[in-house]
$ cat run.txt   # compact mmCIF, C-alpha atoms (C1' of nucleotides)
# COMPACT_ATOMS: atom_id res chain seq x y z
CA MET I 1 15.59 6.26 2.15
CA ASP I 2 14.97 5.25 -1.43
CA LYS I 3 11.86 3.12 -1.93
CA LYS I 4 13.72 0.46 -3.89
CA ILE I 5 16.37 0.14 -1.21
CA ILE I 6 13.70 -0.18 1.47
CA GLN I 7 11.92 -2.93 -0.46
CA GLU I 8 15.18 -4.81 -0.85
CA LEU I 9 16.01 -4.48 2.83
CA ILE I 10 12.55 -5.72 3.79
CA ASP I 11 12.90 -8.80 1.59
CA ARG I 12 16.35 -9.55 2.92
CA TYR I 13 15.20 -9.11 6.51
CA VAL I 14 12.18 -11.41 6.09
CA SER I 15 14.33 -14.09 4.48
CA VAL I 16 17.27 -13.98 6.80
CA SER I 17 15.33 -13.74 10.05
CA PHE I 18 13.30 -16.77 9.01
CA ASP I 19 16.36 -18.76 7.94
CA VAL I 20 18.40 -17.94 11.04
CA ASN I 21 15.51 -18.77 13.34
CA LYS I 22 14.93 -22.15 11.72
CA LYS I 23 18.60 -23.11 11.77
CA ALA I 24 19.22 -21.84 15.30
CA ALA I 25 16.16 -23.75 16.51
CA PHE I 26 17.39 -26.88 14.77
CA LEU I 27 20.89 -26.67 16.30
CA LEU I 28 19.45 -25.82 19.71
CA LYS I 29 17.14 -28.81 19.55
CA CYS I 30 20.06 -31.10 18.66
CA GLN I 31 21.78 -29.97 21.86
CA ILE I 32 19.00 -30.03 24.44
CA SER I 33 16.07 -32.10 23.18
CA GLU I 34 16.94 -35.08 25.36
CA ASP I 35 16.20 -33.02 28.46
CA LEU I 36 13.91 -30.13 27.50
CA THR I 37 12.10 -28.52 24.61
CA ILE I 38 13.31 -25.08 23.55
CA ASP I 39 10.29 -23.39 25.10
CA GLN I 40 10.77 -25.30 28.34
CA HIS I 41 14.39 -24.19 28.47
CA TYR I 42 13.39 -20.55 28.06
CA ILE I 43 10.70 -20.94 30.72
CA LEU I 44 13.26 -22.28 33.22
CA ARG I 45 15.68 -19.51 32.20
CA TYR I 46 13.02 -16.87 32.82
CA ILE I 47 12.01 -18.30 36.20
CA GLN I 48 15.61 -18.45 37.36
CA HIS I 49 16.28 -14.85 36.31
CA SER I 50 13.08 -13.58 37.91
CA ASN I 51 12.16 -13.03 41.53
CA ASN I 52 8.77 -14.37 42.61
CA CYS I 53 7.79 -15.42 39.11
CA THR I 54 4.09 -16.00 38.40
CA SER I 55 2.08 -17.47 35.51
CA THR I 56 0.74 -14.05 34.66
CA GLU I 57 4.27 -12.64 34.39
CA LEU I 58 5.34 -15.54 32.15
CA ALA I 59 2.29 -15.09 29.92
CA GLU I 60 3.20 -11.44 29.39
CA ALA I 61 6.88 -12.16 28.80
CA PHE I 62 6.14 -14.90 26.28
CA ASP I 63 3.18 -13.13 24.63
CA VAL I 64 0.78 -16.02 25.11
CA ASN I 65 -2.40 -16.64 27.11
CA LYS I 66 -2.18 -17.74 30.70
CA SER I 67 -3.71 -21.12 29.87
CA ALA I 68 -0.74 -21.87 27.60
CA ILE I 69 1.55 -21.25 30.56
CA THR I 70 -0.58 -23.48 32.79
CA ALA I 71 -0.09 -26.34 30.33
CA ILE I 72 3.69 -25.89 30.16
CA ILE I 73 4.05 -25.52 33.93
CA ASN I 74 1.89 -28.60 34.55
CA ARG I 75 4.22 -30.73 32.43
CA LEU I 76 7.30 -29.39 34.22
CA ALA I 77 5.70 -29.75 37.66
CA ASP I 78 4.68 -33.35 36.85
CA ARG I 79 8.34 -34.07 36.13
CA GLY I 80 9.37 -32.46 39.44
CA ILE I 81 11.26 -29.65 37.70
CA ILE I 82 9.14 -26.73 38.90
CA GLU I 83 7.43 -26.08 42.23
CA ARG I 84 4.42 -23.90 43.01
CA THR I 85 4.08 -22.03 46.32
CA ARG I 86 1.14 -19.87 47.37
CA ASP I 87 1.57 -16.26 48.39
CA GLU I 88 0.46 -16.04 52.04
CA ASN I 89 -0.84 -12.47 51.69
CA ASP I 90 -2.68 -12.85 48.38
CA ARG I 91 -3.83 -16.44 48.14
CA ARG I 92 -4.72 -16.13 44.44
CA VAL I 93 -1.03 -15.91 43.56
CA LEU I 94 1.22 -18.92 42.89
CA TYR I 95 4.97 -18.37 42.77
CA LEU I 96 6.97 -20.60 40.45
CA THR I 97 10.44 -21.80 41.39
CA LEU I 98 12.91 -24.38 40.16
CA SER I 99 13.36 -27.52 42.24
CA GLU I 100 16.85 -28.90 42.86
CA LYS I 101 16.36 -31.10 39.81
CA GLY I 102 15.12 -28.08 37.86
CA HIS I 103 18.26 -26.12 38.70
CA GLU I 104 20.47 -28.99 37.61
CA LEU I 105 18.58 -29.45 34.36
CA HIS I 106 18.62 -25.75 33.57
CA HIS I 107 22.32 -25.52 34.34
CA LYS I 108 23.03 -28.44 32.04
CA THR I 109 21.02 -27.12 29.11
CA GLN I 110 22.24 -23.56 29.64
CA GLU I 111 25.84 -24.73 29.29
CA LYS I 112 25.03 -26.38 25.99
CA VAL I 113 23.20 -23.28 24.75
CA HIS I 114 26.17 -21.09 25.74
CA LEU I 115 28.65 -23.34 23.96
CA LEU I 116 26.50 -23.29 20.84
CA VAL I 117 26.13 -19.49 20.82
CA GLU I 118 29.82 -19.06 21.62
CA SER I 119 30.78 -21.26 18.68
CA PHE I 120 29.23 -18.89 16.17
CA ILE I 121 29.68 -15.57 17.98
CA THR I 122 33.43 -16.04 18.09
CA LYS I 123 33.50 -16.37 14.30
CA PHE I 124 32.94 -12.59 14.12
CA ASP I 125 35.34 -9.88 15.16
CA GLU I 126 34.36 -8.08 18.31
CA ALA I 127 33.33 -4.79 16.69
CA GLU I 128 31.01 -6.43 14.18
CA ILE I 129 29.19 -8.66 16.64
CA THR I 130 28.91 -5.84 19.19
CA ASN I 131 27.36 -3.53 16.59
CA PHE I 132 25.03 -6.33 15.57
CA ILE I 133 23.78 -6.96 19.09
CA ASN I 134 23.45 -3.23 19.76
CA THR I 135 21.17 -2.84 16.75
CA TYR I 136 19.31 -6.01 17.70
CA GLU I 137 18.61 -4.51 21.13
CA LYS I 138 17.39 -1.27 19.54
CA LEU I 139 15.04 -3.37 17.43
CA ASP I 140 13.77 -5.04 20.58
CA LEU I 141 12.90 -1.63 22.05
CA ILE I 142 11.09 -0.58 18.87
CA LEU I 143 9.09 -3.82 18.83
CA THR I 144 8.24 -3.39 22.51
CA ASN I 145 6.74 0.01 21.73
CA MET I 146 4.86 -1.33 18.73
CA LYS I 147 3.49 -4.17 20.82
CA ASN I 148 2.34 -1.80 23.55
CA GLU I 149 0.56 0.38 20.99
CA GLU I 150 -1.09 -2.73 19.55
CA VAL I 151 -2.25 -3.93 22.96
CA GLY I 152 -3.29 -0.47 24.16
CA GLU I 153 -5.89 0.00 21.44
CA MET K 1 38.41 -11.72 22.51
CA ASP K 2 38.33 -11.44 26.29
CA LYS K 3 36.43 -14.25 28.01
CA LYS K 4 34.30 -11.86 30.05
CA ILE K 5 33.29 -9.92 26.97
CA ILE K 6 32.38 -13.14 25.16
CA GLN K 7 30.21 -14.29 28.07
CA GLU K 8 28.43 -10.95 28.11
CA LEU K 9 27.83 -11.04 24.36
CA ILE K 10 26.44 -14.59 24.61
CA ASP K 11 23.99 -13.58 27.33
CA ARG K 12 22.88 -10.52 25.42
CA TYR K 13 22.46 -12.52 22.23
CA VAL K 14 20.39 -15.24 23.92
CA SER K 15 18.14 -12.65 25.56
CA VAL K 16 17.62 -10.36 22.62
CA SER K 17 17.10 -13.05 20.00
CA PHE K 18 14.46 -14.63 22.20
CA ASP K 19 12.73 -11.31 22.92
CA VAL K 20 12.73 -10.10 19.32
CA ASN K 21 11.42 -13.44 18.05
CA LYS K 22 8.55 -13.47 20.52
CA LYS K 23 7.54 -9.89 19.82
CA ALA K 24 7.90 -10.19 16.05
CA ALA K 25 5.81 -13.37 16.11
CA PHE K 26 3.17 -11.61 18.21
CA LEU K 27 2.95 -8.61 15.85
CA LEU K 28 2.96 -10.85 12.79
CA LYS K 29 0.15 -12.93 14.22
CA CYS K 30 -1.92 -9.81 14.89
CA GLN K 31 -1.62 -8.93 11.20
CA ILE K 32 -2.27 -12.26 9.46
CA SER K 33 -3.91 -14.72 11.86
CA GLU K 34 -7.35 -14.26 10.29
CA ASP K 35 -6.07 -15.82 7.08
CA LEU K 36 -3.00 -17.93 7.85
CA THR K 37 -0.70 -19.05 10.61
CA ILE K 38 2.86 -17.76 10.49
CA ASP K 39 4.19 -21.13 9.35
CA GLN K 40 1.54 -21.38 6.65
CA HIS K 41 2.52 -17.93 5.38
CA TYR K 42 6.16 -18.95 5.14
CA ILE K 43 5.20 -22.19 3.38
CA LEU K 44 3.26 -20.24 0.74
CA ARG K 45 6.14 -17.78 0.44
CA TYR K 46 8.60 -20.60 -0.12
CA ILE K 47 6.42 -22.33 -2.71
CA GLN K 48 5.93 -19.11 -4.64
CA HIS K 49 9.66 -18.34 -4.67
CA SER K 50 10.56 -21.89 -5.70
CA ASN K 51 10.24 -23.67 -9.03
CA ASN K 52 8.76 -27.15 -8.88
CA CYS K 53 8.61 -27.22 -5.11
CA THR K 54 8.29 -30.63 -3.41
CA SER K 55 7.60 -31.83 0.14
CA THR K 56 11.17 -33.05 0.48
CA GLU K 57 12.52 -29.63 -0.46
CA LEU K 58 10.22 -27.94 2.07
CA ALA K 59 11.23 -30.38 4.79
CA GLU K 60 14.90 -29.52 4.21
CA ALA K 61 14.27 -25.78 4.04
CA PHE K 62 12.21 -25.80 7.25
CA ASP K 63 14.39 -28.34 9.08
CA VAL K 64 11.51 -30.67 9.90
CA ASN K 65 10.47 -34.21 8.97
CA LYS K 66 8.55 -34.80 5.80
CA SER K 67 5.51 -35.94 7.76
CA ALA K 68 5.28 -32.49 9.32
CA ILE K 69 5.13 -31.00 5.83
CA THR K 70 2.46 -33.51 4.78
CA ALA K 71 0.27 -32.34 7.66
CA ILE K 72 0.67 -28.65 6.80
CA ILE K 73 0.13 -29.22 3.07
CA ASN K 74 -2.97 -31.34 3.74
CA ARG K 75 -4.58 -28.50 5.67
CA LEU K 76 -3.77 -25.98 2.93
CA ALA K 77 -4.92 -28.35 0.18
CA ASP K 78 -8.18 -29.00 2.04
CA ARG K 79 -8.78 -25.25 1.99
CA GLY K 80 -8.02 -25.10 -1.73
CA ILE K 81 -4.94 -22.97 -1.24
CA ILE K 82 -2.35 -25.44 -2.55
CA GLU K 83 -2.49 -27.92 -5.43
CA ARG K 84 -0.49 -31.11 -5.95
CA THR K 85 0.54 -32.30 -9.42
CA ARG K 86 2.46 -35.49 -10.20
CA ASP K 87 5.71 -35.46 -12.14
CA GLU K 88 5.07 -37.43 -15.32
CA ASN K 89 8.65 -38.70 -15.53
CA ASP K 90 9.12 -39.69 -11.90
CA ARG K 91 5.75 -40.64 -10.53
CA ARG K 92 6.96 -40.62 -6.92
CA VAL K 93 7.28 -36.84 -7.04
CA LEU K 94 4.47 -34.38 -6.24
CA TYR K 95 4.93 -30.74 -7.18
CA LEU K 96 3.29 -28.15 -4.94
CA THR K 97 1.83 -24.97 -6.39
CA LEU K 98 -0.45 -22.17 -5.21
CA SER K 99 -4.01 -22.11 -6.52
CA GLU K 100 -5.56 -18.81 -7.61
CA LYS K 101 -6.97 -18.49 -4.09
CA GLY K 102 -3.53 -19.32 -2.69
CA HIS K 103 -1.90 -16.55 -4.71
CA GLU K 104 -4.46 -14.03 -3.53
CA LEU K 105 -4.08 -15.08 0.08
CA HIS K 106 -0.30 -14.99 -0.06
CA HIS K 107 -0.33 -11.60 -1.72
CA LYS K 108 -2.65 -10.24 0.96
CA THR K 109 -0.61 -11.53 3.89
CA GLN K 110 2.69 -10.63 2.24
CA GLU K 111 1.57 -7.00 1.97
CA LYS K 112 0.80 -6.93 5.67
CA VAL K 113 4.14 -8.53 6.54
CA HIS K 114 5.95 -5.99 4.38
CA LEU K 115 4.16 -3.06 5.99
CA LEU K 116 5.02 -4.40 9.43
CA VAL K 117 8.70 -4.91 8.63
CA GLU K 118 8.86 -1.54 6.87
CA SER K 119 7.42 0.19 9.93
CA PHE K 120 10.38 -0.82 12.09
CA ILE K 121 13.14 -0.96 9.48
CA THR K 122 12.59 2.69 8.57
CA LYS K 123 13.19 3.67 12.20
CA PHE K 124 16.92 3.00 11.59
CA ASP K 125 19.25 4.97 9.39
CA GLU K 126 20.25 3.19 6.23
CA ALA K 127 23.85 2.44 7.21
CA GLU K 128 22.90 0.85 10.52
CA ILE K 129 20.18 -1.41 9.20
CA THR K 130 22.30 -2.40 6.19
CA ASN K 131 25.19 -3.38 8.45
CA PHE K 132 22.78 -5.28 10.66
CA ILE K 133 21.33 -7.30 7.80
CA ASN K 134 24.78 -7.95 6.37
CA THR K 135 25.95 -9.46 9.65
CA TYR K 136 22.66 -11.35 9.97
CA GLU K 137 23.31 -12.91 6.56
CA LYS K 138 26.85 -13.84 7.57
CA LEU K 139 25.38 -15.54 10.63
CA ASP K 140 23.01 -17.44 8.38
CA LEU K 141 25.97 -18.80 6.40
CA ILE K 142 27.79 -19.82 9.57
CA LEU K 143 24.70 -21.62 10.88
CA THR K 144 24.24 -23.35 7.52
CA ASN K 145 27.75 -24.75 7.79
CA MET K 146 27.22 -25.81 11.39
CA LYS K 147 23.99 -27.52 10.45
CA ASN K 148 25.64 -29.39 7.58
CA GLU K 149 28.40 -30.58 9.91
CA GLU K 150 25.77 -31.71 12.40
CA VAL K 151 23.81 -33.59 9.76
CA GLY K 152 26.89 -35.04 8.07
CA GLU K 153 27.98 -36.98 11.15
C1' DG Y 1 15.43 -58.74 -12.33
C1' DT Y 2 16.05 -58.17 -7.59
C1' DG Y 3 17.42 -55.48 -3.60
C1' DA Y 4 18.37 -50.74 -2.08
C1' DA Y 5 17.17 -46.15 -2.17
C1' DT Y 6 13.79 -42.36 -2.71
C1' DA Y 7 9.14 -39.60 -2.40
C1' DG Y 8 5.55 -39.24 0.06
C1' DT Y 9 1.63 -40.79 3.45
C1' DT Y 10 -0.44 -42.56 7.69
C1' DC Y 11 -0.84 -43.05 12.49
C1' DA Y 12 -0.14 -42.38 17.42
C1' DA Y 13 1.66 -39.48 20.58
C1' DC Y 14 3.04 -35.29 22.24
C1' DA Y 15 4.03 -29.83 22.91
C1' DG Y 16 2.14 -25.57 22.45
C1' DT Y 17 -1.63 -22.48 21.47
C1' DT Y 18 -6.46 -20.09 21.72
C1' DT Y 19 -10.98 -19.30 23.45
C1' DA Y 20 -14.55 -19.64 26.63
C1' DA Y 21 -16.24 -20.95 30.87
C1' DC Y 22 -14.99 -21.74 35.32
C1' DT Y 23 -13.19 -21.31 40.71
C1' DA Y 24 -11.26 -18.73 44.20
C1' DA Y 25 -9.64 -14.66 46.20
C1' DT Y 26 -9.13 -9.66 46.57
C1' DA Y 27 -10.37 -4.72 46.03
C1' DG Y 28 -13.31 -0.81 45.98
C1' DG Y 29 -17.26 1.88 46.37
C1' DA Y 30 -22.35 2.72 47.92
C1' DT S 1 -20.46 -3.86 55.58
C1' DC S 2 -21.95 -5.99 51.51
C1' DC S 3 -22.04 -6.39 46.67
C1' DT S 4 -19.90 -5.92 42.44
C1' DA S 5 -15.91 -5.85 39.55
C1' DT S 6 -11.40 -7.31 39.01
C1' DT S 7 -7.57 -10.44 39.29
C1' DA S 8 -4.92 -15.13 39.41
C1' DG S 9 -5.09 -19.21 37.82
C1' DT S 10 -7.33 -23.71 35.96
C1' DT S 11 -10.02 -26.66 32.88
C1' DA S 12 -11.65 -28.45 28.57
C1' DA S 13 -12.21 -28.68 23.65
C1' DA S 14 -10.23 -27.80 19.49
C1' DC S 15 -6.61 -26.75 16.72
C1' DT S 16 -1.42 -26.42 14.55
C1' DG S 17 2.93 -28.22 14.36
C1' DT S 18 6.18 -31.84 15.39
C1' DT S 19 8.51 -36.62 15.74
C1' DG S 20 9.27 -41.43 14.75
C1' DA S 21 8.06 -45.68 12.96
C1' DA S 22 5.75 -48.30 9.70
C1' DC S 23 3.87 -48.15 5.37
C1' DT S 24 2.99 -47.73 -0.22
C1' DA S 25 4.63 -46.77 -4.55
C1' DT S 26 8.15 -45.89 -7.59
C1' DT S 27 12.84 -45.67 -9.41
C1' DC S 28 17.77 -46.87 -9.45
C1' DA S 29 21.83 -49.73 -9.73
C1' DC S 30 24.40 -53.77 -10.06
$ encode --input "run.txt" --output "structure tokens"
Amino acid sequence: MDKKIIQELIDRYVSVSFDVNKKAAFLLKCQISEDLTIDQHYILRYIQHSNNCTSTELAEAFDVNKSAITAIINRLADRGIIERTRDENDRRVLYLTLSEKGHELHHKTQEKVHLLVESFITKFDEAEITNFINTYEKLDLILTNMKNEEVGE
Amino acid sequence: MDKKIIQELIDRYVSVSFDVNKKAAFLLKCQISEDLTIDQHYILRYIQHSNNCTSTELAEAFDVNKSAITAIINRLADRGIIERTRDENDRRVLYLTLSEKGHELHHKTQEKVHLLVESFITKFDEAEITNFINTYEKLDLILTNMKNEEVGE
DNA sequence: GTGAATAGTTCAACAGTTTAACTAATAGGA
DNA sequence: TCCTATTAGTTAAACTGTTGAACTATTCAC
């Protein structure tokens, strides 16, 4: 690729990824902030999708230290949204699950998130948005590899 | 579009946008955290690209309250990275500019950001990444309109 | 000229983050 | 078997970023 073209693509990517993130976060917050923060929503989403979720697993998935997870989980546990249960075989391990209230709250916020994403996804034709998400997923794989190289040094 | 396909696209979008954001933020932080936080880098970037930048303009661009901008600018001004100058015609207004040190710091971190983005952008062929960024920019426009509708209620 | 609007700050409170030091439990090798 | 290293998770202090309400100072508009 031509150097000039690469420079232009880099600038456009930096700008647009920043702008989209900010606006998506803003719209998301408008929808769910009465019940949960954005991070809290993603934490509940991860726990529900995972089997036998632990703090260590969350810390890896969210690329933060375990103590950051402890803080988030404490707030959610204090509100009765998340429950901790000890592993009987390895008593160091705490499994995280959603309470009944946690399931309800996650379901409620998830619906709002889906409606929001649907409202802009359906503005594209199917081929364009499918190509977009395909490339986005390729990018995710590339970043995963880069992250592993970074960590494995 | 078929309902099932839409649901699948929504799920994929929610997952991949979350994952890419987390990993990109992680890699970005590895590169620049000695000098600036990610938000601080974007603030400097915005100020440099803007003429006569003000706190109000930043608050709108970043979708946060003005008091959040005050806090960020205070920290950067305390470090001698940003300077405030009053408008002589409208003495309510404070223009924000980068100091010499601020320019150097922004240049340094910008280089690292560019190298990082270049390292994954060049893993795609030109047509694919161009299409991706084009669609990303369309999405930005759609979100801008949605945000304006939200605010204009 | 006075009341409304605008630009920006301050303060208290909170969410999320890092780092270092810590407890408790398990695993592995001499 | 015992001792050491590792692992899971917590705590505490310090920091960044955020909101919302109350505030100062200035300008605008009728």
$ interface_residues --input "run.txt" --of "chain I" --to "chain Y" --cutoff "7 Å" --atoms "all atoms listed in the file" --output "count of residues only"
3
$ closest_atom_pairs --input "run.txt" --of "chain I" --to "chain S" --cutoff "12 Å" --atoms "only C-alpha atoms (C1' of nucleotides)" --output "CSV"
residue,atom,partner,partner_atom,distance
I:Ser33,CA,S:DT19,C1',11.5
I:Thr37,CA,S:DT18,C1',11.4
I:Thr54,CA,S:DA8,C1',9.1
I:Ser55,CA,S:DG9,C1',7.7
I:Thr56,CA,S:DA8,C1',7.5
I:Glu57,CA,S:DA8,C1',10.8
I:Ala59,CA,S:DG9,C1',11.6
I:Asn65,CA,S:DG9,C1',11.3
I:Lys66,CA,S:DG9,C1',7.8
I:Ser67,CA,S:DT10,C1',7.5
I:Ala68,CA,S:DT10,C1',10.8
I:Ile69,CA,S:DG9,C1',10.0
I:Thr70,CA,S:DT10,C1',7.5
I:Ala71,CA,S:DT10,C1',9.5
I:Ile73,CA,S:DT10,C1',11.7
I:Asn74,CA,S:DT10,C1',10.5
I:Arg84,CA,S:DG9,C1',11.8
I:Arg86,CA,S:DA8,C1',11.1
I:Asp87,CA,S:DA8,C1',11.1
I:Asp90,CA,S:DA8,C1',9.5
I:Arg91,CA,S:DA8,C1',8.9
I:Arg92,CA,S:DA8,C1',5.1
I:Val93,CA,S:DA8,C1',5.7
I:Leu94,CA,S:DA8,C1',8.0
I:Tyr95,CA,S:DA8,C1',10.9
$ calpha_fit_and_write --input "run.txt" --fixed "chain K" --moving "chain I" --output "compact mmCIF listing (two decimals) with C-alpha atoms, in the coordinates of the input"
# COMPACT_ATOMS: atom_id res chain seq x y z
CA MET I 1 38.41 -11.71 22.57
CA ASP I 2 38.31 -11.42 26.33
CA LYS I 3 36.42 -14.23 28.06
CA LYS I 4 34.28 -11.84 30.09
CA ILE I 5 33.27 -9.90 27.00
CA ILE I 6 32.36 -13.12 25.21
CA GLN I 7 30.20 -14.27 28.11
CA GLU I 8 28.40 -10.94 28.13
CA LEU I 9 27.82 -11.03 24.39
CA ILE I 10 26.45 -14.57 24.63
CA ASP I 11 23.99 -13.57 27.35
CA ARG I 12 22.87 -10.51 25.44
CA TYR I 13 22.45 -12.51 22.24
CA VAL I 14 20.38 -15.24 23.91
CA SER I 15 18.13 -12.66 25.55
CA VAL I 16 17.62 -10.37 22.63
CA SER I 17 17.10 -13.04 19.98
CA PHE I 18 14.45 -14.64 22.18
CA ASP I 19 12.72 -11.33 22.92
CA VAL I 20 12.73 -10.13 19.31
CA ASN I 21 11.43 -13.45 18.05
CA LYS I 22 8.55 -13.49 20.52
CA LYS I 23 7.54 -9.90 19.81
CA ALA I 24 7.90 -10.19 16.04
CA ALA I 25 5.82 -13.37 16.10
CA PHE I 26 3.18 -11.64 18.18
CA LEU I 27 2.95 -8.62 15.85
CA LEU I 28 2.97 -10.87 12.79
CA LYS I 29 0.15 -12.95 14.21
CA CYS I 30 -1.91 -9.81 14.89
CA GLN I 31 -1.62 -8.95 11.19
CA ILE I 32 -2.25 -12.26 9.45
CA SER I 33 -3.89 -14.72 11.84
CA GLU I 34 -7.33 -14.28 10.29
CA ASP I 35 -6.07 -15.82 7.07
CA LEU I 36 -2.99 -17.93 7.83
CA THR I 37 -0.69 -19.06 10.60
CA ILE I 38 2.88 -17.77 10.49
CA ASP I 39 4.20 -21.14 9.36
CA GLN I 40 1.56 -21.37 6.65
CA HIS I 41 2.53 -17.94 5.39
CA TYR I 42 6.18 -18.96 5.14
CA ILE I 43 5.21 -22.19 3.39
CA LEU I 44 3.26 -20.25 0.74
CA ARG I 45 6.15 -17.77 0.45
CA TYR I 46 8.61 -20.61 -0.12
CA ILE I 47 6.42 -22.34 -2.71
CA GLN I 48 5.93 -19.12 -4.64
CA HIS I 49 9.66 -18.37 -4.68
CA SER I 50 10.57 -21.91 -5.71
CA ASN I 51 10.25 -23.69 -9.02
CA ASN I 52 8.75 -27.18 -8.89
CA CYS I 53 8.59 -27.25 -5.11
CA THR I 54 8.27 -30.65 -3.41
CA SER I 55 7.58 -31.84 0.14
CA THR I 56 11.13 -33.08 0.45
CA GLU I 57 12.50 -29.65 -0.49
CA LEU I 58 10.21 -27.95 2.05
CA ALA I 59 11.24 -30.40 4.78
CA GLU I 60 14.89 -29.54 4.19
CA ALA I 61 14.27 -25.80 4.02
CA PHE I 62 12.23 -25.80 7.23
CA ASP I 63 14.40 -28.35 9.07
CA VAL I 64 11.53 -30.67 9.89
CA ASN I 65 10.50 -34.21 8.93
CA LYS I 66 8.56 -34.81 5.76
CA SER I 67 5.51 -35.96 7.72
CA ALA I 68 5.28 -32.50 9.32
CA ILE I 69 5.12 -31.02 5.83
CA THR I 70 2.46 -33.53 4.78
CA ALA I 71 0.27 -32.34 7.66
CA ILE I 72 0.68 -28.65 6.80
CA ILE I 73 0.12 -29.22 3.08
CA ASN I 74 -2.98 -31.34 3.75
CA ARG I 75 -4.58 -28.49 5.69
CA LEU I 76 -3.77 -25.98 2.94
CA ALA I 77 -4.92 -28.34 0.18
CA ASP I 78 -8.20 -28.99 2.05
CA ARG I 79 -8.79 -25.24 2.01
CA GLY I 80 -8.05 -25.10 -1.74
CA ILE I 81 -4.94 -22.96 -1.23
CA ILE I 82 -2.35 -25.43 -2.54
CA GLU I 83 -2.50 -27.91 -5.41
CA ARG I 84 -0.51 -31.11 -5.94
CA THR I 85 0.51 -32.31 -9.42
CA ARG I 86 2.41 -35.50 -10.21
CA ASP I 87 5.65 -35.47 -12.13
CA GLU I 88 5.01 -37.43 -15.35
CA ASN I 89 8.58 -38.76 -15.56
CA ASP I 90 9.04 -39.73 -11.91
CA ARG I 91 5.64 -40.64 -10.54
CA ARG I 92 6.85 -40.63 -6.92
CA VAL I 93 7.21 -36.85 -7.04
CA LEU I 94 4.41 -34.39 -6.24
CA TYR I 95 4.90 -30.74 -7.17
CA LEU I 96 3.26 -28.16 -4.94
CA THR I 97 1.80 -24.97 -6.38
CA LEU I 98 -0.45 -22.17 -5.20
CA SER I 99 -4.01 -22.10 -6.52
CA GLU I 100 -5.56 -18.81 -7.62
CA LYS I 101 -6.95 -18.46 -4.10
CA GLY I 102 -3.52 -19.32 -2.69
CA HIS I 103 -1.88 -16.56 -4.71
CA GLU I 104 -4.45 -14.04 -3.54
CA LEU I 105 -4.07 -15.07 0.09
CA HIS I 106 -0.29 -15.00 -0.06
CA HIS I 107 -0.32 -11.60 -1.74
CA LYS I 108 -2.62 -10.24 0.95
CA THR I 109 -0.59 -11.54 3.88
CA GLN I 110 2.71 -10.63 2.23
CA GLU I 111 1.60 -7.01 1.97
CA LYS I 112 0.81 -6.94 5.66
CA VAL I 113 4.15 -8.54 6.53
CA HIS I 114 5.98 -5.99 4.36
CA LEU I 115 4.18 -3.06 5.97
CA LEU I 116 5.02 -4.40 9.41
CA VAL I 117 8.72 -4.91 8.61
CA GLU I 118 8.88 -1.54 6.86
CA SER I 119 7.43 0.18 9.92
CA PHE I 120 10.37 -0.81 12.09
CA ILE I 121 13.14 -0.95 9.48
CA THR I 122 12.59 2.68 8.58
CA LYS I 123 13.19 3.67 12.21
CA PHE I 124 16.91 3.02 11.61
CA ASP I 125 19.24 4.99 9.40
CA GLU I 126 20.24 3.21 6.25
CA ALA I 127 23.85 2.46 7.24
CA GLU I 128 22.90 0.88 10.55
CA ILE I 129 20.18 -1.38 9.21
CA THR I 130 22.31 -2.38 6.21
CA ASN I 131 25.20 -3.36 8.48
CA PHE I 132 22.78 -5.26 10.67
CA ILE I 133 21.34 -7.29 7.81
CA ASN I 134 24.80 -7.92 6.37
CA THR I 135 25.95 -9.43 9.66
CA TYR I 136 22.68 -11.33 9.98
CA GLU I 137 23.32 -12.89 6.56
CA LYS I 138 26.87 -13.83 7.58
CA LEU I 139 25.39 -15.52 10.64
CA ASP I 140 23.03 -17.43 8.38
CA LEU I 141 26.00 -18.77 6.39
CA ILE I 142 27.82 -19.81 9.57
CA LEU I 143 24.72 -21.60 10.87
CA THR I 144 24.27 -23.33 7.51
CA ASN I 145 27.78 -24.74 7.80
CA MET I 146 27.24 -25.79 11.39
CA LYS I 147 24.01 -27.50 10.44
CA ASN I 148 25.67 -29.37 7.58
CA GLU I 149 28.44 -30.57 9.90
CA GLU I 150 25.80 -31.70 12.40
CA VAL I 151 23.83 -33.59 9.76
CA GLY I 152 26.92 -35.03 8.06
CA GLU I 153 28.08 -36.92 11.13
$ closest_atom_pairs --input "run.txt" --of "chain I" --to "chain K" --cutoff "7 Å" --atoms "all atoms listed in the file" --output "CSV"
residue,atom,partner,partner_atom,distance
I:Met1,CA,K:Glu126,CA,6.9
I:Ile10,CA,K:Val117,CA,6.2
I:Tyr13,CA,K:Ile133,CA,6.5
I:Val16,CA,K:Glu137,CA,6.1
I:Asp19,CA,K:Asp140,CA,6.8
I:Val20,CA,K:Asp140,CA,5.3
I:Lys22,CA,K:Phe62,CA,6.4
I:Lys23,CA,K:Leu143,CA,6.3
I:Phe26,CA,K:Asp63,CA,6.6
I:Leu27,CA,K:Lys147,CA,6.7
I:Phe62,CA,K:Lys22,CA,6.4
I:Asp63,CA,K:Phe26,CA,6.6
I:His114,CA,K:Ile10,CA,6.6
I:Val117,CA,K:Ile10,CA,6.2
I:Glu118,CA,K:Ile10,CA,6.4
I:Phe120,CA,K:Ile142,CA,6.8
I:Glu126,CA,K:Met1,CA,6.9
I:Phe132,CA,K:Phe132,CA,5.5
I:Ile133,CA,K:Tyr13,CA,6.5
I:Thr135,CA,K:Phe132,CA,6.8
I:Tyr136,CA,K:Val16,CA,6.8
I:Glu137,CA,K:Val16,CA,6.1
I:Asp140,CA,K:Val20,CA,5.3
I:Ile142,CA,K:Phe120,CA,6.8
I:Leu143,CA,K:Lys23,CA,6.3
I:Lys147,CA,K:Leu27,CA,6.7
